[in-house]
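**Student:** Structure file data_9.txt (compact mmCIF, C-alpha atoms) right here:
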# COMPACT_ATOMS: atom_id res chain seq x y z
CA MET A 1 -109.77 45.34 -102.94
CA ARG A 2 -110.53 44.91 -106.65
CA GLY A 3 -113.54 42.96 -107.81
CA PRO A 4 -113.62 40.94 -111.04
CA SER A 5 -113.45 42.57 -114.43
CA TRP A 6 -116.89 42.01 -115.96
CA ARG A 7 -116.64 41.19 -119.64
CA GLY A 8 -119.89 40.25 -121.33
CA ALA A 9 -122.73 39.10 -119.08
CA ALA A 10 -125.39 41.63 -118.15
CA GLY A 11 -127.86 42.21 -115.35
CA LEU A 12 -125.70 43.34 -112.43
CA GLY A 13 -127.14 45.16 -109.46
CA GLY A 14 -124.57 47.92 -109.42
CA SER A 15 -121.36 48.24 -111.41
CA PRO A 16 -118.62 45.67 -110.88
CA GLY A 17 -115.33 46.55 -109.28
CA SER A 18 -112.45 47.95 -111.26
CA SER A 19 -110.62 45.69 -113.68
CA GLY A 20 -108.40 43.13 -111.96
CA GLY A 21 -105.50 43.24 -114.39
CA GLY A 22 -103.21 41.68 -111.81
CA ALA A 23 -105.41 38.60 -111.77
CA GLU A 24 -104.54 37.79 -115.38
CA GLN A 25 -100.80 37.96 -114.63
CA ALA A 26 -101.25 35.82 -111.54
CA GLY A 27 -103.33 33.38 -113.57
CA ALA A 28 -100.53 33.03 -116.10
CA GLU A 29 -98.07 32.29 -113.30
CA HIS A 30 -100.46 29.68 -111.93
CA ALA A 31 -100.81 28.12 -115.38
CA GLN A 32 -97.05 27.62 -115.50
CA GLN A 33 -97.14 25.88 -112.15
CA HIS A 34 -100.19 23.73 -113.01
CA PRO A 35 -100.50 23.14 -116.77
CA ALA A 36 -103.99 22.35 -118.06
CA GLY A 37 -104.87 18.69 -117.85
CA GLN A 38 -102.38 17.86 -115.10
CA GLY A 39 -103.90 16.93 -111.76
CA HIS A 40 -102.58 18.04 -108.40
CA ARG A 41 -101.26 15.55 -105.89
CA GLY A 42 -103.90 15.09 -103.19
CA GLY A 43 -106.63 17.03 -105.02
CA LEU A 44 -110.16 17.53 -103.74
CA SER A 45 -111.27 14.03 -104.75
CA MET A 46 -114.61 14.38 -103.00
CA ASP A 47 -116.89 11.38 -103.50
CA LEU A 48 -120.23 13.13 -103.15
CA ARG A 49 -122.12 9.89 -102.85
CA SER A 50 -120.33 9.41 -99.55
CA ALA A 51 -120.89 13.04 -98.62
CA LEU A 52 -124.62 12.51 -99.03
CA GLY A 53 -124.63 9.40 -96.85
CA GLN A 54 -125.02 6.77 -99.57
CA GLY A 55 -122.61 4.32 -98.05
CA ARG A 56 -119.52 5.03 -100.15
CA THR A 57 -116.15 6.03 -98.76
CA LEU A 58 -113.96 8.78 -100.13
CA SER A 59 -111.98 7.35 -103.02
CA ARG A 60 -108.80 9.33 -102.27
CA PRO A 61 -107.57 11.57 -99.46
CA ALA A 62 -108.95 15.11 -99.46
CA PRO A 63 -108.37 18.12 -97.23
CA THR A 64 -112.06 18.29 -96.39
CA GLU A 65 -112.53 14.55 -95.92
CA ALA A 66 -114.07 14.95 -92.47
CA ALA A 67 -116.13 18.02 -93.35
CA VAL A 68 -117.74 17.16 -96.69
CA PRO A 69 -120.39 14.80 -95.24
CA GLN A 70 -121.85 17.84 -93.51
CA LEU A 71 -123.03 19.13 -96.90
CA GLY A 72 -125.68 16.43 -97.32
CA PRO A 73 -128.20 17.86 -94.81
CA GLN A 74 -127.77 21.33 -96.34
CA LEU A 75 -129.08 20.28 -99.76
CA PRO A 76 -132.78 20.19 -100.72
CA PRO A 77 -134.18 16.85 -99.46
CA ARG A 78 -135.22 15.77 -102.97
CA LEU A 79 -131.53 15.66 -103.99
CA THR A 80 -129.90 13.73 -101.17
CA GLN A 81 -130.61 10.30 -102.68
CA GLN A 82 -129.96 11.22 -106.30
CA PRO A 83 -127.05 9.66 -108.28
CA TRP A 84 -124.47 12.45 -108.10
CA HIS A 85 -121.50 12.30 -110.46
CA LEU A 86 -118.24 14.17 -110.85
CA LEU A 87 -118.90 16.21 -114.00
CA TYR A 88 -115.80 18.37 -114.07
CA SER A 89 -112.43 18.41 -112.33
CA THR A 90 -109.45 20.66 -112.97
CA GLY A 91 -107.18 17.70 -112.26
CA ARG A 92 -108.86 15.61 -114.94
CA ASP A 93 -110.20 18.16 -117.43
CA GLY A 94 -107.82 21.10 -117.18
CA PHE A 95 -108.39 24.69 -116.08
CA SER A 96 -111.13 26.16 -118.27
CA LEU A 97 -114.50 27.71 -117.50
CA ARG A 98 -115.59 26.94 -121.06
CA THR A 99 -114.91 23.24 -120.45
CA LEU A 100 -116.83 23.39 -117.17
CA TYR A 101 -119.89 24.68 -119.04
CA ARG A 102 -119.59 21.73 -121.45
CA SER A 103 -119.41 19.17 -118.66
CA GLY A 104 -122.47 17.23 -119.76
CA ALA A 105 -124.85 18.07 -116.92
CA ARG A 106 -128.55 17.59 -117.55
CA PRO A 107 -130.34 20.91 -118.18
CA ASP A 108 -132.32 20.41 -114.98
CA SER A 109 -129.32 19.21 -112.98
CA PRO A 110 -128.29 21.03 -109.80
CA ALA A 111 -124.60 21.77 -109.42
CA LEU A 112 -122.21 21.69 -106.49
CA LEU A 113 -118.94 23.59 -106.92
CA LEU A 114 -116.12 22.54 -104.60
CA ILE A 115 -113.01 24.70 -104.54
CA ARG A 116 -109.69 24.53 -102.72
CA ASP A 117 -107.34 27.49 -102.97
CA THR A 118 -103.56 27.53 -102.71
CA GLU A 119 -103.84 28.32 -98.98
CA ALA A 120 -105.73 25.03 -98.45
CA GLN A 121 -109.06 26.75 -97.78
CA ALA A 122 -112.11 24.79 -98.99
CA PHE A 123 -115.37 26.49 -100.01
CA GLY A 124 -117.90 26.57 -102.81
CA ALA A 125 -121.44 27.05 -103.98
CA PHE A 126 -124.62 25.09 -104.61
CA SER A 127 -126.94 25.93 -107.49
CA ALA A 128 -130.32 24.26 -107.91
CA THR A 129 -129.95 24.67 -111.67
CA ALA A 130 -127.18 23.69 -114.08
CA ILE A 131 -124.28 26.13 -114.28
CA ARG A 132 -124.13 27.53 -117.79
CA SER A 133 -123.07 30.55 -119.80
CA SER A 134 -125.81 33.18 -119.83
CA SER A 135 -126.62 36.80 -120.61
CA GLY A 136 -128.15 37.47 -117.21
CA PHE A 137 -128.64 36.06 -113.74
CA TYR A 138 -130.50 32.79 -113.24
CA GLY A 139 -131.18 30.34 -110.43
CA THR A 140 -133.49 29.97 -107.44
CA GLY A 141 -133.56 30.82 -103.76
CA GLU A 142 -132.16 27.36 -103.00
CA THR A 143 -128.74 28.59 -104.15
CA PHE A 144 -126.22 29.01 -101.35
CA LEU A 145 -122.54 29.59 -100.62
CA PHE A 146 -120.50 27.64 -98.09
CA SER A 147 -117.04 27.46 -96.58
CA PHE A 148 -115.05 25.12 -94.34
CA CYS A 149 -112.91 27.55 -92.33
CA PRO A 150 -112.48 25.23 -90.49
CA GLU A 151 -116.10 24.24 -89.76
CA LEU A 152 -118.94 24.30 -92.26
CA LYS A 153 -120.72 27.62 -92.63
CA VAL A 154 -123.65 27.97 -95.04
CA PHE A 155 -124.86 31.32 -96.40
CA ARG A 156 -128.38 31.21 -97.77
CA TRP A 157 -130.50 33.60 -99.80
CA THR A 158 -131.42 36.80 -97.99
CA GLY A 159 -134.27 37.71 -100.34
CA ARG A 160 -132.72 41.14 -101.05
CA ASN A 161 -132.15 40.38 -104.75
CA ASP A 162 -132.15 37.45 -107.15
CA PHE A 163 -128.55 37.67 -108.37
CA PHE A 164 -127.90 33.95 -107.96
CA VAL A 165 -125.63 32.80 -110.80
CA ASN A 166 -124.32 34.56 -113.91
CA GLY A 167 -121.41 34.02 -116.23
CA ASP A 168 -119.85 33.76 -119.65
CA VAL A 169 -116.59 32.21 -120.86
CA ASN A 170 -114.58 34.94 -119.10
CA LEU A 171 -116.20 35.04 -115.68
CA LEU A 172 -118.55 33.09 -113.41
CA MET A 173 -120.28 34.80 -110.48
CA VAL A 174 -122.47 33.55 -107.65
CA GLY A 175 -124.26 36.25 -105.66
CA GLY A 176 -124.04 39.98 -106.24
CA GLY A 177 -125.29 43.47 -105.64
CA SER A 178 -123.66 46.91 -105.45
CA GLY A 179 -120.70 45.66 -107.47
CA ARG A 180 -119.72 42.99 -104.94
CA PHE A 181 -119.81 39.26 -105.59
CA GLY A 182 -120.16 36.39 -103.15
CA LEU A 183 -117.93 34.23 -105.34
CA TRP A 184 -116.32 34.84 -108.72
CA LEU A 185 -114.00 32.76 -110.87
CA ASP A 186 -112.07 33.86 -113.95
CA GLY A 187 -112.29 32.16 -117.33
CA ASP A 188 -109.04 30.25 -116.87
CA LEU A 189 -110.09 29.01 -113.42
CA HIS A 190 -106.79 30.18 -112.03
CA ARG A 191 -108.02 33.12 -110.01
CA GLY A 192 -111.13 33.97 -108.04
CA GLY A 193 -112.49 36.13 -105.29
CA SER A 194 -115.11 36.42 -102.58
CA GLN A 195 -116.79 39.45 -101.05
CA ARG A 196 -119.76 40.00 -98.77
CA CYS A 197 -122.75 40.39 -101.08
CA GLU A 198 -126.41 41.31 -100.71
CA THR A 199 -127.69 38.02 -102.13
CA PHE A 200 -126.30 35.88 -99.30
CA ASP A 201 -124.88 38.34 -96.72
CA ASN A 202 -121.94 35.94 -96.64
CA GLU A 203 -118.59 36.18 -95.00
CA ILE A 204 -115.53 36.12 -97.27
CA LEU A 205 -115.25 32.45 -98.18
CA SER A 206 -111.45 32.31 -98.34
CA GLN A 207 -108.84 33.95 -96.16
CA ARG A 208 -108.45 36.79 -98.66
CA GLU A 209 -110.82 38.58 -101.04
CA GLU A 210 -108.80 37.26 -103.98
CA PHE A 211 -107.39 33.74 -104.16
CA CYS A 212 -105.60 31.37 -106.51
CA ILE A 213 -107.38 28.10 -107.31
CA GLN A 214 -105.58 24.85 -106.52
CA ASP A 215 -108.40 22.41 -107.31
CA LEU A 216 -112.00 22.76 -108.46
CA GLU A 217 -114.67 20.12 -108.92
CA MET A 218 -118.27 20.33 -110.10
CA TRP A 219 -120.73 17.60 -109.17
CA GLY A 220 -124.18 17.14 -110.65
CA LEU A 221 -126.74 14.74 -112.09
CA ALA A 222 -125.37 13.41 -115.36
In structure tokens, what does this structure look like?

**Tutor:**
Amino acid sequence: MRGPSWRGAAGLGGSPGSSGGGAEQAGAEHAQQHPAGQGHRGGLSMDLRSALGQGRTLSRPAPTEAAVPQLGPQLPPRLTQQPWHLLYSTGRDGFSLRTLYRSGARPDSPALLLIRDTEAQAFGAFSATAIRSSSGFYGTGETFLFSFCPELKVFRWTGRNDFFVNGDVNLLMVGGGSGRFGLWLDGDLHRGGSQRCETFDNEILSQREEFCIQDLEMWGLA
């Protein structure tokens, strides 16, 4: 199975997989189905304040409504009572990695990525630092991947490398090593993939190694 086509950021532990030219074609097809700026009916809509046990209910129905509250205990304790905000949503802001980077998060803000693919699988990543464009890997050992397939599974740092987060306007990656990435998303946020990687020794987060994004949200401290 092809990995992402790496175009710009440096610092990989091993060469990335061969270019995924088919992903760009699939992304264009997805763009026709879901034009930028148009939300999807019944999107993720995850009220993280509720997920972290702060007494709020989910504002709108979501496929992971029963599972999201399980994320609270998985986060560093210092963050569970912080004022989390929805910083970016494909339904509200359109499909663009560049826009995600410009979401307005504080430089010291952690980030929680929540993704649902077109097969209704929910998964994502937590970064203890703000997600940004960079020339190399950044982050801390608090970074982790997770999936709800159907129950919550969390994949934490193995200590084998420090390839936590890396990306530019064309590609975002979480976890790596030997050319395999725990989670990657293309610049149009239409296509992504998941492979077992050395950083987290994770299972494939979605049902397939490559997936098409239905909804994506990023939460953080504004």

**Student:** What does the structure give for the distance between atom CA of A:Arg160 and atom CA of A:Thr199, in Å to one decimal?

**Tutor:**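 Between these atoms lies a distance of 6.0 Å.
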
**Student:** Using only C-alpha atoms for the distances, tell me which of A:Ser147, A:Thr80, A:Ser109, A:Asn170 is nearest to A:Leu97.

**Tutor:**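 Closest residue, counting only C-alpha atoms: A:Asn170.
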
**Student:** If we count all atoms listed in the file and set the cut-off at 10 Å, which residues sit around stretch 133-135 of chain A, ignoring sequence neighbours fewer than 2 positions away in its own chain? Please answer as a ChimeraX atom specification.

**Tutor:** /A:8-11,97-98,100-102,130-131,137-138,165-172

**Student:** Hey, what's within 7 Å of A:Leu221 if we count all atoms listed in the file and toss same-chain stuff fewer than 3 positions away? As a list in words, please?

**Tutor:**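 Answer for this query is Pro83, Trp84, His85, Ala105, Arg106, Ser109 and Pro110 of chain A.
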
**Student:** What separation in Å, quoted to one decimal, exists between atom CA of A:Leu114 and atom CA of A:Glu217?

**Tutor:**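 Answer for the atom CA of A:Leu114 to atom CA of A:Glu217 separation: 5.2 Å.
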
**Student:** State, in Å with one decimal place, the distance from atom CA of A:Phe200 to atom CA of A:Phe155.

**Tutor:**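 Distance between the two atoms: 5.6 Å.
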
**Student:** Name the closest residue to A:Arg191 among the candidates A:Met218, A:Leu145, A:Leu205, A:Ile213; distances are taken between atoms, counting all atoms listed in the file.

**Tutor:**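 Among A:Met218, A:Leu145, A:Leu205, A:Ile213, it is A:Ile213 that comes nearest to A:Arg191.
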
**Student:** List as a list in words: which residues have an atom within 6 Å of (-108.7, 27.9, -117.8), counting only C-alpha atoms?

**Tutor:** Phe95, Ser96, Leu97, Gly187, Asp188 and Leu189 of chain A

**Student:** Counting only C-alpha atoms, what is within 6 Å of A:Phe123, bar same-chain residues fewer than 5 positions away, as a list in words?

**Tutor:**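 So the residues in contact are Ile115, Phe146, Ser147 and Phe148 of chain A.
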
**Student:** Box for stretch 101-116 of chain A - axis-aligned, 4 Å on each of the six sides, all listed atoms - centre and size in Å to one decimal, as lines of an AutoDock Vina configuration file.

**Tutor:**
center_x = -121.0
center_y = 21.0
center_z = -112.1
size_x = 30.6
size_y = 15.5
size_z = 26.7

**Student:** Could you please give me, as an NGL selection string, the residues of protein, DNA or RNA lying at most 8 Å from (-130.9, 38.0, -99.9) in the coordinate frame of the file, considering all atoms listed in the file?

**Tutor:** :A and (156-162 or 198-201)

**Student:** Extract, using only C-alpha atoms, all DNA, RNA and protein residues at most 7 Å from A:Gly139, discarding same-chain residues fewer than 5 positions from it, and format them as a PDB file with C-alpha atoms, in the frame of the given file.

**Tutor:**
ATOM      1  CA  SER A 127    -126.940  25.930-107.490  1.00  0.00           C
ATOM      2  CA  ALA A 128    -130.320  24.260-107.910  1.00  0.00           C
ATOM      3  CA  THR A 129    -129.950  24.670-111.670  1.00  0.00           C
ATOM      4  CA  PHE A 164    -127.900  33.950-107.960  1.00  0.00           C
ATOM      5  CA  VAL A 165    -125.630  32.800-110.800  1.00  0.00           C
TER       6      VAL A 165
END

**Student:** Extract, using all atoms listed in the file, all DNA, RNA and protein residues at most 7 Å from A:Ile204, discarding same-chain residues fewer than 6 positions from it, and format them as a list in words.

**Tutor:**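 Contacts, in chain order: Ser194, Gln195 and Arg196 of chain A.
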
**Student:** Those residues you just picked out, can you put them in a file as a PDB file, keeping the file's coordinate frame with C-alpha atoms?

**Tutor:**
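New file out34.pdb:
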ATOM      1  CA  SER A 194    -115.110  36.420-102.580  1.00  0.00           C
ATOM      2  CA  GLN A 195    -116.790  39.450-101.050  1.00  0.00           C
ATOM      3  CA  ARG A 196    -119.760  40.000 -98.770  1.00  0.00           C
TER       4      ARG A 196
END

**Student:** Choose the residue, out of A:Leu71, A:Ala125, A:Cys212, A:Ala120, that has the smallest atom-to-atom separation from A:Met173; count all atoms listed in the file.

**Tutor:**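 For A:Met173, the nearest of the candidates is A:Ala125.
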